[in-house]
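Student: Here's a structure for you.
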Amino acid sequence: MTNHSPENHDRVNLSAAEPAIALGALDGRYRSTIAPLVDHLSEAALNRNRIHVEVEWFIHLCQSQVLPGLPELSDEQVAGLRGIVESFGSEEIAELGAIEAETVHDVKAVEYFIVRRLEGLGLAELAPLVHFACTSEDINNLAYAVGIRDAVQQVWLPAAEQMLQRLQGLAAEAAETPMLSRTHGQPATPTTLGKEIAVFVHRLSRQVSRVQAQEFLGKINGATGTYAAHRCAAPDADWPVIAREFVEKLGLTFNPLTTQIESHDFQAELYADIARFNRILHGLCVDIWSYISIGFFKQIPVAGATGSSTMPHKVNPIRFENAEANLEISNALLDTLGATLVESRWQRDLTDSSGQRNIGTALGHSVLALSNVTKGLKQLDVAADVIAADLDANWEVLGEAIQTVMRAEAIAGVEGMENSYERLKELTRGRRVDAEKLKEFVSGLGLSPAAEERLKNLTPDTYTGLASELAKQFS
């Protein structure tokens, strides 16, 4: 027997609500955080960038005097052409959408959109120059490269750098805060909290440097990358040089050899670096969450916020949990894009067309995670008393220091220093050893006076090596 849900025919149809309700979290719940990406990676931004590429190609061909009969454009005409891009807003988006509904081709719609505006600039006779010798991918690859570059440089990198600045501040603040390490989850040689945070600062900074150095490639070489139509129309022109100059004018790196599509290798490289950054950041979130769990960090309550619907005492580490989830979603998309975009059947297929429309979503989840981590870090206080108590309960970690000093003494010729590791293992492995027992053990070893004094003065909170110096150096 089939179980039917209760009748819902009286419910409001949310899909018909006005204004339209977002389906996804990025365009709904988290819109305010990821909104800056809309200006670079939305469908409207892609169309604006297509218009930008088409207009600049038009201007470039005129300025280069590639074809017989091309006029020299006046400053007013150049400004007017570029004004088509600068004035692209809600009305223009609607107009372009109406054209595309007729053409059922997004790039052809862009061409017609521009042609409509030439008469007002005194350039109606140059309508054939719009989209001259181009395949759609000539325009698309450049439009995407411009959008991705601007999204990374103007949105993602600033968000990453802001988070890193806060993380560096935490590393510097806690540079001299001794902390028990845990390797394999077990008590280990002490460090400082700041040094452990600085490790993440260093790792994340390396990935940011890779992203900052990323090339953004583009091409404009025709239907199969041969300049065939270009050569037929203007056989004497040096089309590879003309193409290179144009691509570089857009602020991109010229790709001299392609099929119909730009190969997207640079995108795969970029997404791999951002995904690696995301994974390192995910590790930071897990560690911070764990430190909060054992009380090493106190969370500063946000006025008016609720930690639990039933347990009023709770201050949950939601910023780091939210970041973990969004980093995982971002990487799922980035990994997929990086794997699929570098492949194309023979000279062209359209899998990349659908794939690239998810770039904004992939970066959006990363930006959202960065925002949450930055906010979460601002709400942390170092619980130095809890960290100190944890250290003081684990004097056995000094066993490493004692047996290492014994080895050095043996090398220096001090008698009775044999089997140092084994003797400390017998004393400390799986056992709690307090300060008194360790000092008693050290006194009976027969160490040189300087070595014995050094070890008797050693405590878990001073056995941190160069941790504080390293934290300050790399934060």
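So you can find residues: chains in the structure tokens are A, B, ... in the order shown, residues in each start at 1, and ligands are numbered from 1 in order.
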Which residues are close to range 74-82 of chain A, i.e. within 12 Å by only C-alpha atoms, leaving aside same-chain residues fewer than 4 positions away? Reply as a list in words.

Tutor: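 Counting only C-alpha atoms, the residues come to Arg48, Asn49, Ile51, His52, Val53, Glu54, Val55, Glu56, Trp57, Phe58, Ile59, His60, Cys62, Gln63, Glu86, Ser87, Phe88, Ile114, Val115, Arg116, Arg117, Leu118, Glu119, Gly120, Leu121, Gly122, Leu123, Ala124 and Val130 of chain A.
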
Student: Which residues are near Gln162 in chain A? Cut-off 9 Å, only C-alpha atoms, ignore same chain within fewer than 3 positions. Put them as a PDB file with N, CA, C and O atoms, in the first residue's frame.

Tutor:
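Heads up, here's the output in result-v4.pdb:
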```
ATOM      1  N   LEU A 157      41.502  36.475  -3.669  1.00  0.00           N
ATOM      2  CA  LEU A 157      42.785  36.786  -3.036  1.00  0.00           C
ATOM      3  C   LEU A 157      42.636  37.767  -1.869  1.00  0.00           C
ATOM      4  O   LEU A 157      43.220  37.538  -0.795  1.00  0.00           O
ATOM      5  N   PRO A 158      41.881  38.855  -2.001  1.00  0.00           N
ATOM      6  CA  PRO A 158      41.694  39.723  -0.834  1.00  0.00           C
ATOM      7  C   PRO A 158      41.068  39.004   0.355  1.00  0.00           C
ATOM      8  O   PRO A 158      41.443  39.265   1.503  1.00  0.00           O
ATOM      9  N   ALA A 159      40.114  38.106   0.093  1.00  0.00           N
ATOM     10  CA  ALA A 159      39.510  37.350   1.193  1.00  0.00           C
ATOM     11  C   ALA A 159      40.527  36.425   1.853  1.00  0.00           C
ATOM     12  O   ALA A 159      40.574  36.303   3.081  1.00  0.00           O
ATOM     13  N   GLN A 165      45.926  37.463   7.401  1.00  0.00           N
ATOM     14  CA  GLN A 165      46.355  38.546   8.303  1.00  0.00           C
ATOM     15  C   GLN A 165      45.861  38.285   9.722  1.00  0.00           C
ATOM     16  O   GLN A 165      46.599  38.477  10.696  1.00  0.00           O
ATOM     17  N   ARG A 166      44.629  37.840   9.834  1.00  0.00           N
ATOM     18  CA  ARG A 166      44.089  37.529  11.157  1.00  0.00           C
ATOM     19  C   ARG A 166      44.807  36.324  11.758  1.00  0.00           C
ATOM     20  O   ARG A 166      45.115  36.300  12.958  1.00  0.00           O
ATOM     21  N   LEU A 167      45.092  35.332  10.926  1.00  0.00           N
ATOM     22  CA  LEU A 167      45.785  34.133  11.407  1.00  0.00           C
ATOM     23  C   LEU A 167      47.209  34.466  11.850  1.00  0.00           C
ATOM     24  O   LEU A 167      47.700  33.943  12.858  1.00  0.00           O
ATOM     25  N   LEU A 370      36.222  31.291   3.684  1.00  0.00           N
ATOM     26  CA  LEU A 370      37.203  32.272   4.150  1.00  0.00           C
ATOM     27  C   LEU A 370      36.555  33.298   5.066  1.00  0.00           C
ATOM     28  O   LEU A 370      37.124  33.679   6.100  1.00  0.00           O
ATOM     29  N   SER A 371      35.377  33.748   4.708  1.00  0.00           N
ATOM     30  CA  SER A 371      34.661  34.716   5.536  1.00  0.00           C
ATOM     31  C   SER A 371      34.364  34.126   6.908  1.00  0.00           C
ATOM     32  O   SER A 371      34.535  34.792   7.940  1.00  0.00           O
ATOM     33  N   THR A 374      37.622  33.800   9.008  1.00  0.00           N
ATOM     34  CA  THR A 374      38.040  35.123   9.489  1.00  0.00           C
ATOM     35  C   THR A 374      37.192  35.549  10.685  1.00  0.00           C
ATOM     36  O   THR A 374      37.717  36.015  11.708  1.00  0.00           O
TER      37      THR A 374
END
```

Student: So which residues touch Gly295 in chain A within 8 Å, counting only C-alpha atoms, skipping near sequence neighbours fewer than 2 positions away, as a JSON list (two decimals) with C-alpha atoms, in the first residue's frame?

Tutor:
```
[["chain", "number", "residue", "atom", "x", "y", "z"],
["A", 291, "TYR", "CA", 41.59, 23.00, 20.39],
["A", 292, "ILE", "CA", 38.25, 24.61, 21.23],
["A", 293, "SER", "CA", 36.89, 21.20, 22.18],
["A", 297, "PHE", "CA", 40.59, 28.39, 23.03],
["A", 298, "LYS", "CA", 37.65, 30.17, 24.59],
["A", 383, "ALA", "CA", 42.99, 29.94, 27.35],
["A", 386, "VAL", "CA", 44.04, 25.50, 30.48],
["A", 387, "ILE", "CA", 47.03, 25.00, 28.18]]
```

Student: Leaving out range 328-331 of chain A and any residue of its chain fewer than 5 positions from it, which residues lie within 8 Å of it when counting only C-alpha atoms, given as a compact mmCIF listing (two decimals) with all heavy atoms, in the first residue's frame?

Tutor:
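And here is the file that came out, around-v7.txt:
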```
# COMPACT_ATOMS: atom_id res chain seq x y z
N ALA A 275 42.27 24.64 -4.61
CA ALA A 275 41.80 23.45 -3.89
C ALA A 275 42.81 23.03 -2.82
O ALA A 275 42.42 22.61 -1.72
CB ALA A 275 41.55 22.31 -4.87
N ASN A 278 42.40 25.30 -0.03
CA ASN A 278 41.19 24.91 0.70
C ASN A 278 41.44 23.73 1.63
O ASN A 278 40.93 23.68 2.75
CB ASN A 278 40.08 24.55 -0.29
CG ASN A 278 39.45 25.75 -0.97
OD1 ASN A 278 39.67 26.88 -0.57
ND2 ASN A 278 38.67 25.50 -2.00
N ARG A 279 42.21 22.76 1.15
CA ARG A 279 42.46 21.57 1.97
C ARG A 279 43.31 21.91 3.20
O ARG A 279 43.08 21.37 4.29
CB ARG A 279 43.12 20.48 1.12
CG ARG A 279 42.17 19.86 0.12
CD ARG A 279 42.74 18.65 -0.59
NE ARG A 279 41.66 18.02 -1.35
CZ ARG A 279 41.39 18.27 -2.63
NH1 ARG A 279 42.14 19.13 -3.30
NH2 ARG A 279 40.38 17.68 -3.23
N THR A 361 30.33 29.26 -8.60
CA THR A 361 29.87 28.48 -7.44
C THR A 361 31.05 27.90 -6.68
O THR A 361 31.09 27.92 -5.45
CB THR A 361 28.93 27.36 -7.90
OG1 THR A 361 27.86 27.92 -8.68
CG2 THR A 361 28.34 26.62 -6.72
N ALA A 362 32.03 27.37 -7.42
CA ALA A 362 33.21 26.77 -6.78
C ALA A 362 33.97 27.80 -5.96
O ALA A 362 34.34 27.56 -4.80
CB ALA A 362 34.12 26.16 -7.85
N LEU A 363 34.21 28.96 -6.55
CA LEU A 363 34.92 30.01 -5.82
C LEU A 363 34.04 30.61 -4.72
O LEU A 363 34.55 31.03 -3.67
CB LEU A 363 35.38 31.10 -6.78
CG LEU A 363 36.49 30.72 -7.77
CD1 LEU A 363 36.90 31.93 -8.60
CD2 LEU A 363 37.70 30.15 -7.06
N GLY A 364 32.74 30.63 -4.96
CA GLY A 364 31.83 31.19 -3.97
C GLY A 364 31.87 30.44 -2.65
O GLY A 364 31.89 31.04 -1.57
N HIS A 365 31.90 29.11 -2.72
CA HIS A 365 31.96 28.33 -1.49
C HIS A 365 33.30 28.53 -0.78
O HIS A 365 33.37 28.50 0.45
CB HIS A 365 31.72 26.85 -1.79
CG HIS A 365 30.28 26.52 -2.03
ND1 HIS A 365 29.36 26.46 -1.02
CD2 HIS A 365 29.60 26.28 -3.18
CE1 HIS A 365 28.16 26.17 -1.53
NE2 HIS A 365 28.28 26.06 -2.84
N SER A 366 34.37 28.74 -1.54
CA SER A 366 35.67 29.02 -0.92
C SER A 366 35.66 30.39 -0.25
O SER A 366 36.14 30.54 0.88
CB SER A 366 36.78 28.94 -1.97
OG SER A 366 38.05 29.15 -1.40
```

Student: Between A:Ala237, A:Leu337, A:Ile197, A:Val85, which is the closest to Met179 in chain A once you count only C-alpha atoms?

Tutor: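 Closest to Met179 in chain A of all the choices is A:Ile197.
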
Student: Would you give me, as a PyMOL selection string, the residues in range 246-320 of chain A that DSSP reads as helix (DSSP H, G or I)?

Tutor: chain A and resi 246-249+265-293+318-320

Student: Would you write out those residues with C-alpha atoms, as a compact mmCIF listing (two decimals), in the first residue's frame?

Tutor:
```txt
# COMPACT_ATOMS: atom_id res chain seq x y z
CA PHE A 246 45.18 41.83 -28.74
CA VAL A 247 45.21 39.14 -26.06
CA GLU A 248 47.97 40.92 -24.17
CA LYS A 249 46.04 44.22 -24.37
CA ASP A 265 45.20 24.12 -18.68
CA PHE A 266 45.68 27.37 -16.80
CA GLN A 267 42.26 26.93 -15.21
CA ALA A 268 43.15 23.42 -14.06
CA GLU A 269 46.40 24.76 -12.57
CA LEU A 270 44.56 27.56 -10.79
CA TYR A 271 41.82 25.33 -9.42
CA ALA A 272 44.39 22.82 -8.16
CA ASP A 273 46.19 25.58 -6.22
CA ILE A 274 42.97 26.97 -4.76
CA ALA A 275 41.80 23.45 -3.89
CA ARG A 276 45.12 22.79 -2.15
CA PHE A 277 44.70 26.04 -0.23
CA ASN A 278 41.19 24.91 0.70
CA ARG A 279 42.46 21.57 1.97
CA ILE A 280 45.11 23.19 4.14
CA LEU A 281 42.50 25.61 5.47
CA HIS A 282 40.21 22.65 6.17
CA GLY A 283 43.00 21.16 8.28
CA LEU A 284 43.28 24.42 10.21
CA CYS A 285 39.54 24.39 10.87
CA VAL A 286 39.72 20.84 12.21
CA ASP A 287 42.65 21.72 14.48
CA ILE A 288 41.05 24.92 15.78
CA TRP A 289 37.79 23.05 16.38
CA SER A 290 39.72 20.40 18.32
CA TYR A 291 41.59 23.00 20.39
CA ILE A 292 38.25 24.61 21.23
CA SER A 293 36.89 21.20 22.18
CA ILE A 318 29.93 27.07 14.00
CA ARG A 319 32.20 29.30 11.93
CA PHE A 320 34.78 26.55 11.57
```

Student: Between A:Pro460, A:Gly169, A:Gly446, A:Pro301, single out the one closest to Gly413 in chain A, counting only C-alpha atoms.

Tutor: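 Under the stated criterion, the closest residue is A:Gly446.
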
Student: CA of Gly89 in chain A to CA of Leu37 in chain A: how many Å, to one decimal?

Tutor: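 Interatomic distance, CA of Gly89 in chain A to CA of Leu37 in chain A: 16.1 Å.
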
Student: Which one of A:Val382, A:Ala109, A:Ala16, A:Ile261 sits closest to Ser353 in chain A if you count only C-alpha atoms?

Tutor: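 Among the listed residues, the smallest separation from Ser353 in chain A belongs to A:Ile261.
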
Student: Give me, please, the distance in Å between CA of Leu447 in chain A and CA of Val405 in chain A, quoted to one decimal.

Tutor: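 CA of Val405 in chain A lies at a distance of 8.9 Å from CA of Leu447 in chain A.
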
Student: According to DSSP computed on the backbone, where in range 76-318 of chain A is there strand (DSSP E)? Give the residues as a PyMOL selection string.

Tutor: chain A and resi 178-183+186-192+217-218+253-254+297-299

Student: Rounded to one decimal place, report the CA of Gln214 in chain A-CA of Ala151 in chain A distance in Å.

Tutor: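 Separating CA of Gln214 in chain A from CA of Ala151 in chain A is a distance of 12.9 Å.
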
Student: Ranking A:Ile84, A:Met163, A:Ile220, A:Leu180 by minimum distance to Asp390 in chain A and counting only C-alpha atoms, which one comes first?

Tutor: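 Among the listed residues, A:Leu180 lies closest to Asp390 in chain A.
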
Student: Given only C-alpha atoms as the basis, pick out the residue of A:Glu436, A:Ser42, A:Thr183, A:Asp238 nearest to Asp27 in chain A.

Tutor: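 So, comparing all the options, the nearest one is A:Ser42.
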
Student: With only C-alpha atoms as the counted atoms, please give the residues lying no more than 12 Å from Arg206 in chain A, apart from itself and same-chain residues fewer than 3 positions off, as a PyMOL selection string.

Tutor: chain A and resi 160-161+164+199-203+209-213+273-274+276-277+280+474
